[in-house]
$ cat target-v2.pdb   # PDB, C-alpha atoms
ATOM      1  CA  MET Q   1      64.202 121.616 -84.723
ATOM      2  CA  LEU Q   2      66.276 119.081 -86.672
ATOM      3  CA  LEU Q   3      68.912 119.043 -83.913
ATOM      4  CA  GLN Q   4      66.225 118.371 -81.304
ATOM      5  CA  ARG Q   5      64.850 115.531 -83.423
ATOM      6  CA  VAL Q   6      68.292 113.975 -83.744
ATOM      7  CA  ILE Q   7      69.042 114.268 -80.018
ATOM      8  CA  THR Q   8      65.681 112.797 -79.027
ATOM      9  CA  ALA Q   9      66.084 109.965 -81.529
ATOM     10  CA  ALA Q  10      69.625 109.267 -80.292
ATOM     11  CA  ILE Q  11      68.214 108.770 -76.799
ATOM     12  CA  LEU Q  12      65.099 106.826 -77.738
ATOM     13  CA  VAL Q  13      66.467 104.449 -80.384
ATOM     14  CA  PRO Q  14      68.871 102.589 -78.019
ATOM     15  CA  LEU Q  15      66.055 102.265 -75.472
ATOM     16  CA  VAL Q  16      63.721 100.842 -78.112
ATOM     17  CA  VAL Q  17      66.365  98.400 -79.343
ATOM     18  CA  MET Q  18      67.014  97.230 -75.783
ATOM     19  CA  ALA Q  19      63.296  96.770 -75.186
ATOM     20  CA  VAL Q  20      62.865  94.736 -78.369
ATOM     21  CA  PHE Q  21      65.835  92.417 -77.734
ATOM     22  CA  GLN Q  22      66.004  92.264 -73.947
ATOM     23  CA  LEU Q  23      62.514  92.462 -72.492
ATOM     24  CA  PRO Q  24      60.533  89.237 -71.994
ATOM     25  CA  GLY Q  25      57.258  89.116 -73.917
ATOM     26  CA  GLU Q  26      55.142  89.986 -70.877
ATOM     27  CA  TYR Q  27      57.163  93.088 -70.068
ATOM     28  CA  PHE Q  28      57.328  94.125 -73.710
ATOM     29  CA  SER Q  29      53.537  93.913 -73.841
ATOM     30  CA  LEU Q  30      53.277  96.003 -70.674
ATOM     31  CA  VAL Q  31      55.704  98.693 -71.848
ATOM     32  CA  PHE Q  32      54.094  99.080 -75.261
ATOM     33  CA  GLY Q  33      50.681  99.033 -73.592
ATOM     34  CA  LEU Q  34      51.701 101.982 -71.427
ATOM     35  CA  ILE Q  35      52.925 103.825 -74.512
ATOM     36  CA  MET Q  36      49.580 103.189 -76.232
ATOM     37  CA  LEU Q  37      47.762 104.542 -73.183
ATOM     38  CA  MET Q  38      49.827 107.731 -73.422
ATOM     39  CA  ALA Q  39      48.857 107.910 -77.101
ATOM     40  CA  ALA Q  40      45.227 107.373 -76.105
ATOM     41  CA  TRP Q  41      45.439 110.311 -73.717
ATOM     42  CA  GLU Q  42      46.668 112.501 -76.576
ATOM     43  CA  TRP Q  43      43.917 111.165 -78.848
ATOM     44  CA  SER Q  44      41.250 112.064 -76.298
ATOM     45  CA  HIS Q  45      42.589 115.608 -76.280
ATOM     46  CA  LEU Q  46      42.625 115.800 -80.089
ATOM     47  CA  ILE Q  47      38.970 114.767 -80.391
ATOM     48  CA  GLY Q  48      37.762 117.205 -77.746
ATOM     49  CA  ILE Q  49      37.372 114.979 -74.689
ATOM     50  CA  ASN Q  50      38.370 117.423 -71.987
ATOM     51  CA  GLN Q  51      36.611 116.121 -68.879
ATOM     52  CA  PRO Q  52      39.095 114.093 -66.799
ATOM     53  CA  TYR Q  53      36.607 111.324 -65.977
ATOM     54  CA  LYS Q  54      35.872 110.785 -69.693
ATOM     55  CA  LYS Q  55      39.588 110.607 -70.423
ATOM     56  CA  TYR Q  56      40.032 107.966 -67.720
ATOM     57  CA  LEU Q  57      37.038 106.012 -68.998
ATOM     58  CA  PHE Q  58      38.618 106.030 -72.445
ATOM     59  CA  LEU Q  59      41.856 104.670 -70.985
ATOM     60  CA  LEU Q  60      39.919 102.046 -69.037
ATOM     61  CA  SER Q  61      38.183 100.940 -72.238
ATOM     62  CA  LEU Q  62      41.646 100.076 -73.555
ATOM     63  CA  ILE Q  63      43.103  98.605 -70.374
ATOM     64  CA  VAL Q  64      40.378  95.979 -69.837
ATOM     65  CA  PRO Q  65      40.571  94.345 -73.315
ATOM     66  CA  MET Q  66      44.371  94.662 -73.263
ATOM     67  CA  LEU Q  67      44.472  92.599 -70.078
ATOM     68  CA  TRP Q  68      42.000  90.102 -71.499
ATOM     69  CA  LEU Q  69      44.009  89.657 -74.700
ATOM     70  CA  HIS Q  70      47.295  89.560 -72.792
ATOM     71  CA  PHE Q  71      45.999  86.672 -70.684
ATOM     72  CA  TRP Q  72      44.168  85.055 -73.617
ATOM     73  CA  THR Q  73      45.869  81.668 -73.198
ATOM     74  CA  GLN Q  74      45.220  81.617 -69.460
ATOM     75  CA  PHE Q  75      41.616  82.646 -70.130
ATOM     76  CA  LEU Q  76      41.115  79.683 -72.456
ATOM     77  CA  GLU Q  77      42.699  77.350 -69.897
ATOM     78  CA  GLY Q  78      40.311  78.599 -67.231
ATOM     79  CA  LEU Q  79      37.327  78.397 -69.567
ATOM     80  CA  GLN Q  80      38.193  74.813 -70.499
ATOM     81  CA  TYR Q  81      38.431  73.905 -66.821
ATOM     82  CA  VAL Q  82      35.016  75.439 -66.142
ATOM     83  CA  ILE Q  83      33.496  73.576 -69.111
ATOM     84  CA  GLU Q  84      34.982  70.220 -68.123
ATOM     85  CA  THR Q  85      34.066  70.633 -64.452
ATOM     86  CA  GLY Q  86      30.522  71.773 -65.285
ATOM     87  CA  GLN Q  87      30.036  68.911 -67.734
ATOM     88  CA  GLN Q  88      31.197  66.359 -65.138
ATOM     89  CA  ASP Q  89      29.017  67.844 -62.385
ATOM     90  CA  ILE Q  90      25.925  67.836 -64.614
ATOM     91  CA  TYR Q  91      26.639  64.256 -65.696
ATOM     92  CA  GLN Q  92      26.959  63.048 -62.103
ATOM     93  CA  TYR Q  93      23.757  64.855 -61.135
ATOM     94  CA  VAL Q  94      21.592  63.453 -63.963
ATOM     95  CA  LYS Q  95      23.051  59.988 -63.412
ATOM     96  CA  LYS Q  96      22.131  60.038 -59.722
ATOM     97  CA  ALA Q  97      18.686  61.388 -60.626
ATOM     98  CA  GLY Q  98      18.125  58.404 -62.867
ATOM     99  CA  TRP Q  99      17.764  60.398 -66.077
ATOM    100  CA  THR Q 100      19.246  57.644 -68.180
ATOM    101  CA  SER Q 101      18.591  59.198 -71.571
ATOM    102  CA  ILE Q 102      20.314  62.452 -70.622
ATOM    103  CA  SER Q 103      23.273  60.731 -68.974
ATOM    104  CA  THR Q 104      23.697  58.485 -72.010
ATOM    105  CA  PHE Q 105      23.592  61.536 -74.268
ATOM    106  CA  MET Q 106      26.239  63.258 -72.169
ATOM    107  CA  GLU Q 107      28.485  60.196 -72.309
ATOM    108  CA  TYR Q 108      28.661  60.588 -76.066
ATOM    109  CA  LEU Q 109      28.650  64.392 -76.023
ATOM    110  CA  ASN Q 110      31.965  65.667 -77.332
ATOM    111  CA  ILE Q 111      32.506  69.342 -76.539
ATOM    112  CA  PRO Q 112      35.485  70.757 -78.472
ATOM    113  CA  ASP Q 113      38.509  71.845 -76.459
ATOM    114  CA  VAL Q 114      38.374  75.641 -76.495
ATOM    115  CA  ARG Q 115      42.153  75.752 -76.094
ATOM    116  CA  LEU Q 116      42.382  74.623 -79.709
ATOM    117  CA  TYR Q 117      40.953  78.006 -80.734
ATOM    118  CA  SER Q 118      43.797  80.096 -79.314
ATOM    119  CA  GLY Q 119      44.638  81.109 -82.900
ATOM    120  CA  ALA Q 120      41.277  82.827 -83.264
ATOM    121  CA  LEU Q 121      43.033  86.098 -82.457
ATOM    122  CA  GLU Q 122      44.649  85.989 -85.895
ATOM    123  CA  TRP Q 123      41.266  86.763 -87.451
ATOM    124  CA  LEU Q 124      41.189  90.072 -85.593
ATOM    125  CA  VAL Q 125      43.858  91.409 -87.953
ATOM    126  CA  ILE Q 126      41.385  91.563 -90.846
ATOM    127  CA  PRO Q 127      39.313  94.604 -89.685
ATOM    128  CA  PRO Q 128      42.315  96.931 -89.113
ATOM    129  CA  VAL Q 129      43.888  95.917 -92.414
ATOM    130  CA  ILE Q 130      40.633  96.706 -94.231
ATOM    131  CA  PHE Q 131      40.282  99.957 -92.277
ATOM    132  CA  TRP Q 132      43.744 101.258 -93.209
ATOM    133  CA  VAL Q 133      43.386 100.242 -96.848
ATOM    134  CA  LEU Q 134      40.085 102.165 -96.986
ATOM    135  CA  VAL Q 135      41.723 105.153 -95.280
ATOM    136  CA  MET Q 136      44.472 105.084 -97.906
ATOM    137  CA  ILE Q 137      41.941 104.981-100.749
ATOM    138  CA  LEU Q 138      39.806 107.775 -99.300
ATOM    139  CA  ILE Q 139      42.736 110.089 -98.611
ATOM    140  CA  LYS Q 140      44.242 109.388-102.014
ATOM    141  CA  HIS Q 141      41.069 110.093-103.990
ATOM    142  CA  SER Q 142      39.286 112.626-101.780
ATOM    143  CA  PRO Q 143      41.629 114.399 -99.332
ATOM    144  CA  THR Q 144      39.368 117.446 -99.088
ATOM    145  CA  GLY Q 145      36.326 115.280 -98.407
ATOM    146  CA  VAL Q 146      38.154 113.410 -95.660
ATOM    147  CA  LEU Q 147      39.329 116.681 -94.131
ATOM    148  CA  GLN Q 148      35.791 118.067 -94.126
ATOM    149  CA  LEU Q 149      34.286 114.901 -92.677
ATOM    150  CA  GLU Q 150      32.544 115.672 -89.389
ATOM    151  CA  LEU Q 151      32.194 112.910 -86.821
ATOM    152  CA  LYS Q 152      30.787 113.018 -83.321
ATOM    153  CA  PRO Q 153      33.333 112.741 -80.475
ATOM    154  CA  ARG Q 154      32.070 109.280 -79.521
ATOM    155  CA  ASN Q 155      32.674 108.038 -83.072
ATOM    156  CA  LYS Q 156      36.167 109.519 -83.043
ATOM    157  CA  ALA Q 157      36.751 107.871 -79.674
ATOM    158  CA  LEU Q 158      35.669 104.533 -81.146
ATOM    159  CA  ILE Q 159      38.039 104.958 -84.096
ATOM    160  CA  GLY Q 160      40.885 105.865 -81.748
ATOM    161  CA  TRP Q 161      40.147 102.857 -79.556
ATOM    162  CA  PHE Q 162      40.112 100.606 -82.607
ATOM    163  CA  VAL Q 163      43.385 101.762 -84.176
ATOM    164  CA  LEU Q 164      45.311 101.919 -80.898
ATOM    165  CA  MET Q 165      44.069  98.544 -79.696
ATOM    166  CA  SER Q 166      44.868  96.814 -82.990
ATOM    167  CA  ALA Q 167      48.334  98.422 -83.145
ATOM    168  CA  TRP Q 168      49.134  97.258 -79.614
ATOM    169  CA  LEU Q 169      47.820  93.740 -80.185
ATOM    170  CA  PHE Q 170      49.621  92.988 -83.420
ATOM    171  CA  PHE Q 171      52.874  94.749 -82.631
ATOM    172  CA  VAL Q 172      53.089  92.740 -79.407
ATOM    173  CA  ARG Q 173      52.138  89.507 -81.203
ATOM    174  CA  LEU Q 174      54.788  90.236 -83.827
ATOM    175  CA  ARG Q 175      57.397  90.401 -81.064
ATOM    176  CA  ILE Q 176      56.137  87.322 -79.202
ATOM    177  CA  LEU Q 177      55.392  85.011 -82.141
ATOM    178  CA  TYR Q 178      57.969  86.081 -84.735
ATOM    179  CA  GLY Q 179      60.820  87.235 -82.559
ATOM    180  CA  ALA Q 180      62.892  90.280 -81.808
ATOM    181  CA  GLU Q 181      64.693  90.331 -85.168
ATOM    182  CA  MET Q 182      61.489  90.537 -87.214
ATOM    183  CA  THR Q 183      60.145  93.198 -84.867
ATOM    184  CA  MET Q 184      63.351  95.161 -85.209
ATOM    185  CA  TYR Q 185      63.160  94.888 -88.981
ATOM    186  CA  PHE Q 186      59.651  96.324 -88.920
ATOM    187  CA  LEU Q 187      60.840  99.284 -86.855
ATOM    188  CA  VAL Q 188      63.874  99.854 -89.079
ATOM    189  CA  LEU Q 189      61.574  99.730 -92.110
ATOM    190  CA  ILE Q 190      59.318 102.436 -90.672
ATOM    191  CA  TRP Q 191      62.244 104.569 -89.529
ATOM    192  CA  ALA Q 192      64.088 104.265 -92.842
ATOM    193  CA  ALA Q 193      60.967 105.252 -94.784
ATOM    194  CA  ASP Q 194      60.390 108.237 -92.499
ATOM    195  CA  ILE Q 195      63.989 109.436 -92.806
ATOM    196  CA  ALA Q 196      64.046 108.920 -96.579
ATOM    197  CA  ALA Q 197      60.765 110.788 -97.005
ATOM    198  CA  PHE Q 198      62.091 113.717 -94.964
ATOM    199  CA  PHE Q 199      65.427 114.167 -96.707
ATOM    200  CA  VAL Q 200      64.359 113.241-100.250
ATOM    201  CA  GLY Q 201      61.326 115.479 -99.922
ATOM    202  CA  LYS Q 202      63.436 118.325 -98.626
ATOM    203  CA  LYS Q 203      65.983 117.947-101.425
ATOM    204  CA  PHE Q 204      63.765 117.239-104.417
ATOM    205  CA  GLY Q 205      60.227 117.904-103.263
ATOM    206  CA  GLN Q 206      58.151 120.272-105.355
ATOM    207  CA  SER Q 207      54.868 118.537-106.111
ATOM    208  CA  LYS Q 208      52.778 118.046-102.961
ATOM    209  CA  LEU Q 209      51.365 114.693-101.901
ATOM    210  CA  ALA Q 210      48.266 115.964-100.082
ATOM    211  CA  PRO Q 211      48.583 119.726 -99.602
ATOM    212  CA  GLU Q 212      45.096 120.029 -98.099
ATOM    213  CA  ILE Q 213      46.100 117.711 -95.273
ATOM    214  CA  SER Q 214      49.859 118.045 -94.852
ATOM    215  CA  PRO Q 215      51.554 120.779 -96.924
ATOM    216  CA  GLY Q 216      55.012 119.530 -95.975
ATOM    217  CA  LYS Q 217      54.684 116.108 -97.585
ATOM    218  CA  THR Q 218      55.808 115.831-101.200
ATOM    219  CA  MET Q 219      55.600 113.279-103.978
ATOM    220  CA  ALA Q 220      59.400 113.074-103.961
ATOM    221  CA  GLY Q 221      59.314 112.181-100.291
ATOM    222  CA  PHE Q 222      56.570 109.648-101.017
ATOM    223  CA  TYR Q 223      58.690 107.872-103.631
ATOM    224  CA  GLY Q 224      61.760 108.170-101.432
ATOM    225  CA  ALA Q 225      59.946 106.329 -98.660
ATOM    226  CA  LEU Q 226      58.819 103.571-101.036
ATOM    227  CA  LEU Q 227      62.375 103.249-102.338
ATOM    228  CA  ALA Q 228      63.597 102.887 -98.767
ATOM    229  CA  GLY Q 229      61.061 100.086 -98.290
ATOM    230  CA  LEU Q 230      62.363  98.371-101.410
ATOM    231  CA  VAL Q 231      65.975  98.649-100.245
ATOM    232  CA  CYS Q 232      65.147  97.381 -96.749
ATOM    233  CA  GLY Q 233      63.301  94.398 -98.178
ATOM    234  CA  ILE Q 234      66.173  93.494-100.501
ATOM    235  CA  LEU Q 235      68.753  93.826 -97.731
ATOM    236  CA  LEU Q 236      66.731  91.617 -95.399
ATOM    237  CA  CYS Q 237      66.446  88.926 -98.063
ATOM    238  CA  LEU Q 238      70.182  89.081 -98.801
ATOM    239  CA  ILE Q 239      71.121  88.895 -95.128
ATOM    240  CA  TYR Q 240      68.951  85.832 -94.505
ATOM    241  CA  SER Q 241      69.372  84.306 -97.978
ATOM    242  CA  PHE Q 242      65.659  83.900 -98.586
ATOM    243  CA  PRO Q 243      64.601  81.815-101.617
ATOM    244  CA  LEU Q 244      63.540  83.963-104.576
ATOM    245  CA  MET Q 245      59.802  83.380-104.147
ATOM    246  CA  ASN Q 246      59.842  84.180-100.423
ATOM    247  CA  ALA Q 247      62.159  87.124-101.084
ATOM    248  CA  SER Q 248      59.708  88.642-103.551
ATOM    249  CA  ASP Q 249      56.945  88.329-100.942
ATOM    250  CA  VAL Q 250      59.063  90.035 -98.286
ATOM    251  CA  VAL Q 251      60.077  92.876-100.615
ATOM    252  CA  LEU Q 252      56.471  93.437-101.715
ATOM    253  CA  LEU Q 253      55.279  93.387 -98.104
ATOM    254  CA  SER Q 254      57.956  95.922 -97.152
ATOM    255  CA  ILE Q 255      56.881  98.332 -99.888
ATOM    256  CA  LEU Q 256      53.168  97.956 -99.110
ATOM    257  CA  THR Q 257      53.818  98.392 -95.384
ATOM    258  CA  VAL Q 258      55.582 101.680 -96.086
ATOM    259  CA  LEU Q 259      52.687 102.723 -98.322
ATOM    260  CA  ILE Q 260      50.180 102.083 -95.526
ATOM    261  CA  SER Q 261      52.415 103.881 -93.028
ATOM    262  CA  ILE Q 262      52.477 107.024 -95.192
ATOM    263  CA  PHE Q 263      48.702 107.239 -95.303
ATOM    264  CA  GLY Q 264      48.524 106.392 -91.621
ATOM    265  CA  ASP Q 265      50.630 109.488 -91.032
ATOM    266  CA  LEU Q 266      48.219 111.485 -93.199
ATOM    267  CA  PHE Q 267      45.246 110.083 -91.282
ATOM    268  CA  PHE Q 268      46.573 111.469 -88.009
ATOM    269  CA  SER Q 269      47.384 114.738 -89.785
ATOM    270  CA  VAL Q 270      43.695 114.961 -90.717
ATOM    271  CA  VAL Q 271      42.698 114.584 -87.075
ATOM    272  CA  LYS Q 272      45.207 117.210 -85.983
ATOM    273  CA  ARG Q 273      44.086 119.694 -88.640
ATOM    274  CA  GLN Q 274      40.469 119.184 -87.659
ATOM    275  CA  SER Q 275      41.484 119.885 -84.064
ATOM    276  CA  GLY Q 276      43.449 122.976 -85.065
ATOM    277  CA  VAL Q 277      46.782 121.763 -83.691
ATOM    278  CA  LYS Q 278      50.094 121.026 -85.358
ATOM    279  CA  GLU Q 279      51.252 118.336 -82.937
ATOM    280  CA  SER Q 280      49.450 115.877 -80.681
ATOM    281  CA  GLY Q 281      51.652 116.750 -77.711
ATOM    282  CA  SER Q 282      55.044 117.997 -76.593
ATOM    283  CA  ILE Q 283      56.471 115.102 -74.606
ATOM    284  CA  LEU Q 284      59.162 114.352 -77.216
ATOM    285  CA  PRO Q 285      61.326 117.415 -78.045
ATOM    286  CA  GLY Q 286      61.522 117.925 -81.789
ATOM    287  CA  HIS Q 287      58.981 115.183 -82.450
ATOM    288  CA  GLY Q 288      55.868 116.437 -80.645
ATOM    289  CA  GLY Q 289      53.717 113.855 -78.915
ATOM    290  CA  ILE Q 290      53.537 110.071 -78.823
ATOM    291  CA  LEU Q 291      51.055 110.011 -81.700
ATOM    292  CA  ASP Q 292      53.322 112.229 -83.779
ATOM    293  CA  ARG Q 293      56.085 109.669 -83.422
ATOM    294  CA  LEU Q 294      53.987 106.490 -83.708
ATOM    295  CA  ASP Q 295      51.398 107.455 -86.319
ATOM    296  CA  SER Q 296      53.089 105.441 -89.081
ATOM    297  CA  LEU Q 297      53.690 102.448 -86.820
ATOM    298  CA  ILE Q 298      50.089 102.391 -85.582
ATOM    299  CA  ALA Q 299      48.793 102.091 -89.133
ATOM    300  CA  ALA Q 300      51.463  99.705 -90.414
ATOM    301  CA  ALA Q 301      51.663  97.199 -87.526
ATOM    302  CA  PRO Q 302      48.482  95.201 -88.325
ATOM    303  CA  PHE Q 303      49.252  95.199 -92.057
ATOM    304  CA  PHE Q 304      52.840  94.020 -91.576
ATOM    305  CA  TYR Q 305      51.754  91.358 -89.086
ATOM    306  CA  ALA Q 306      49.124  90.038 -91.504
ATOM    307  CA  GLY Q 307      51.728  89.857 -94.265
ATOM    308  CA  ILE Q 308      54.292  88.051 -92.112
ATOM    309  CA  TYR Q 309      51.610  85.629 -90.926
ATOM    310  CA  LEU Q 310      50.670  84.773 -94.515
ATOM    311  CA  ILE Q 311      54.301  84.406 -95.623
ATOM    312  CA  TYR Q 312      55.065  82.053 -92.743
ATOM    313  CA  ARG Q 313      51.937  80.022 -93.488
ATOM    314  CA  ILE Q 314      52.974  79.691 -97.138
ATOM    315  CA  ILE Q 315      56.448  78.541 -96.100
ATOM    316  CA  GLU Q 316      55.057  76.054 -93.567
ATOM    317  CA  ASP Q 317      52.576  74.646 -96.084
ATOM    318  CA  ALA Q 318      55.349  74.279 -98.692
ATOM    319  CA  GLN Q 319      57.567  72.500 -96.180
ATOM    320  CA  ALA Q 320      54.720  70.210 -95.134
ATOM    321  CA  THR Q 321      53.951  69.390 -98.778
ATOM    322  CA  GLY Q 322      57.614  68.707 -99.464
ATOM    323  CA  ALA Q 323      57.905  66.462 -96.418
ATOM    324  CA  ALA Q 324      54.750  64.575 -97.425
ATOM    325  CA  GLY Q 325      56.069  64.182-100.946
TER
END
$ encode --input "target-v2.pdb" --output "structure tokens"
Amino acid sequence: MLLQRVITAAILVPLVVMAVFQLPGEYFSLVFGLIMLMAAWEWSHLIGINQPYKKYLFLLSLIVPMLWLHFWTQFLEGLQYVIETGQQDIYQYVKKAGWTSISTFMEYLNIPDVRLYSGALEWLVIPPVIFWVLVMILIKHSPTGVLQLELKPRNKALIGWFVLMSAWLFFVRLRILYGAEMTMYFLVLIWAADIAAFFVGKKFGQSKLAPEISPGKTMAGFYGALLAGLVCGILLCLIYSFPLMNASDVVLLSILTVLISIFGDLFFSVVKRQSGVKESGSILPGHGGILDRLDSLIAAAPFFYAGIYLIYRIIEDAQATGAAG
């Protein structure tokens, strides 16, 4: 099993690195979108959606908003054009009709440019961050209760739609807005934590992290993963020579991202145990399915993006204050 994992990883890692550094943003969005659709197919199987037409409807429910969000800027451009054209047409009509009061009102009417609200998507990161923090708290304090929680298939489908959509959106935005290097760091962070948890847990693991959910995960592996997050954060700050205050933020974000990723892994383990399966699929030899490989990333992507967004805003505000001073 370990040999299969290593071989599969040796094939996939170079492909992922090439995609992160070489693909234009549009193609990166498309490729990761296709991967999320494969994960959605596995999710539909896990929650008991067996009819093909329901599976395709579930995929369609992801494809439509993905396209809308992908073309968000173009959508706002088109909407602004419609607003401006409609406003001008109405003004010309009421002016010709002799409705002086209305035409005068429209002359002074100032409709905001909707293109200025392109950053509204940033607010969408709040719900997934809250969701994963709540998942972490619930699993930590009541693993048995979470495992015994019974939800209807449509509610599970909604949860799957929510976590997959948010992971796609903010992982893609991380790549487009903050560059390939930051995206690669995020992936290395998740991979390093996963590897550290596996080997440290295997070497020193005795006490279990959540035996009701995942008997293989240990407290030693848990702390090994957090330590890997700490080391990754420190190395990143040393490589880029971050100031001490920004470095502390990056290190803290790295550790917290790993923490969220661990409980994201446990969340998907809950779903698999409730479904009576060990793995979500078999497409990746030694790793199982797409969800088995991306469970940590799906949970951590919105949280990491939110943290990077805040850190960059703090830096920009400090620079603006310094320039003004």
$ atom_distance --input "target-v2.pdb" --atom1 "CA of Leu187 in chain Q" --atom2 "CA of Asp295 in chain Q"
12.5 Å
$ atom_distance --input "target-v2.pdb" --atom1 "CA of Val251 in chain Q" --atom2 "CA of Leu189 in chain Q"
11.0 Å
$ closest_residue --input "target-v2.pdb" --among "Q:Pro24, Q:Pro243, Q:Gly224, Q:Gly289" --to "Val258 in chain Q" --atoms "all atoms listed in the file"
Q:Gly224
$ atom_distance --input "target-v2.pdb" --atom1 "CA of Phe268 in chain Q" --atom2 "CA of Tyr53 in chain Q"
24.2 Å
$ resolve_selection --input "target-v2.pdb" --expression "the PyMOL selection byres ((chain Q and resi 49-51) around 12)" --output "list in words"
Ala40, Trp41, Glu42, Trp43, Ser44, His45, Leu46, Ile47, Gly48, Pro52, Tyr53, Lys54, Lys55, Tyr56, Leu57, Phe58, Leu59, Lys152, Pro153, Arg154, Asn155, Lys156, Ala157 and Ser275 of chain Q
$ resolve_selection --input "target-v2.pdb" --expression "the PyMOL selection byres ((chain Q and resi 301) around 12)" --output "VMD selection string"
chain Q and resid 125 128 to 129 132 163 to 175 182 to 183 185 to 187 189 to 190 253 to 254 256 to 258 260 to 261 264 294 to 300 302 to 308
$ residues_around --input "target-v2.pdb" --residues "range 194-196 of chain Q" --least-positions-apart "5" --cutoff "8 Å" --atoms "all atoms listed in the file" --output "list in words"
Gly201, Gly221, Gly224, Ala225 and Ala228 of chain Q
$ closest_residue --input "target-v2.pdb" --among "Q:Val94, Q:Leu177, Q:Leu30, Q:Val6" --to "Met66 in chain Q" --atoms "all atoms listed in the file"
Q:Leu30
$ residues_around --input "target-v2.pdb" --residues "Pro285 in chain Q" --least-positions-apart "3" --cutoff "7 Å" --atoms "all atoms listed in the file" --output "NGL selection string"
:Q and (4-5 or 8 or 282 or 288)
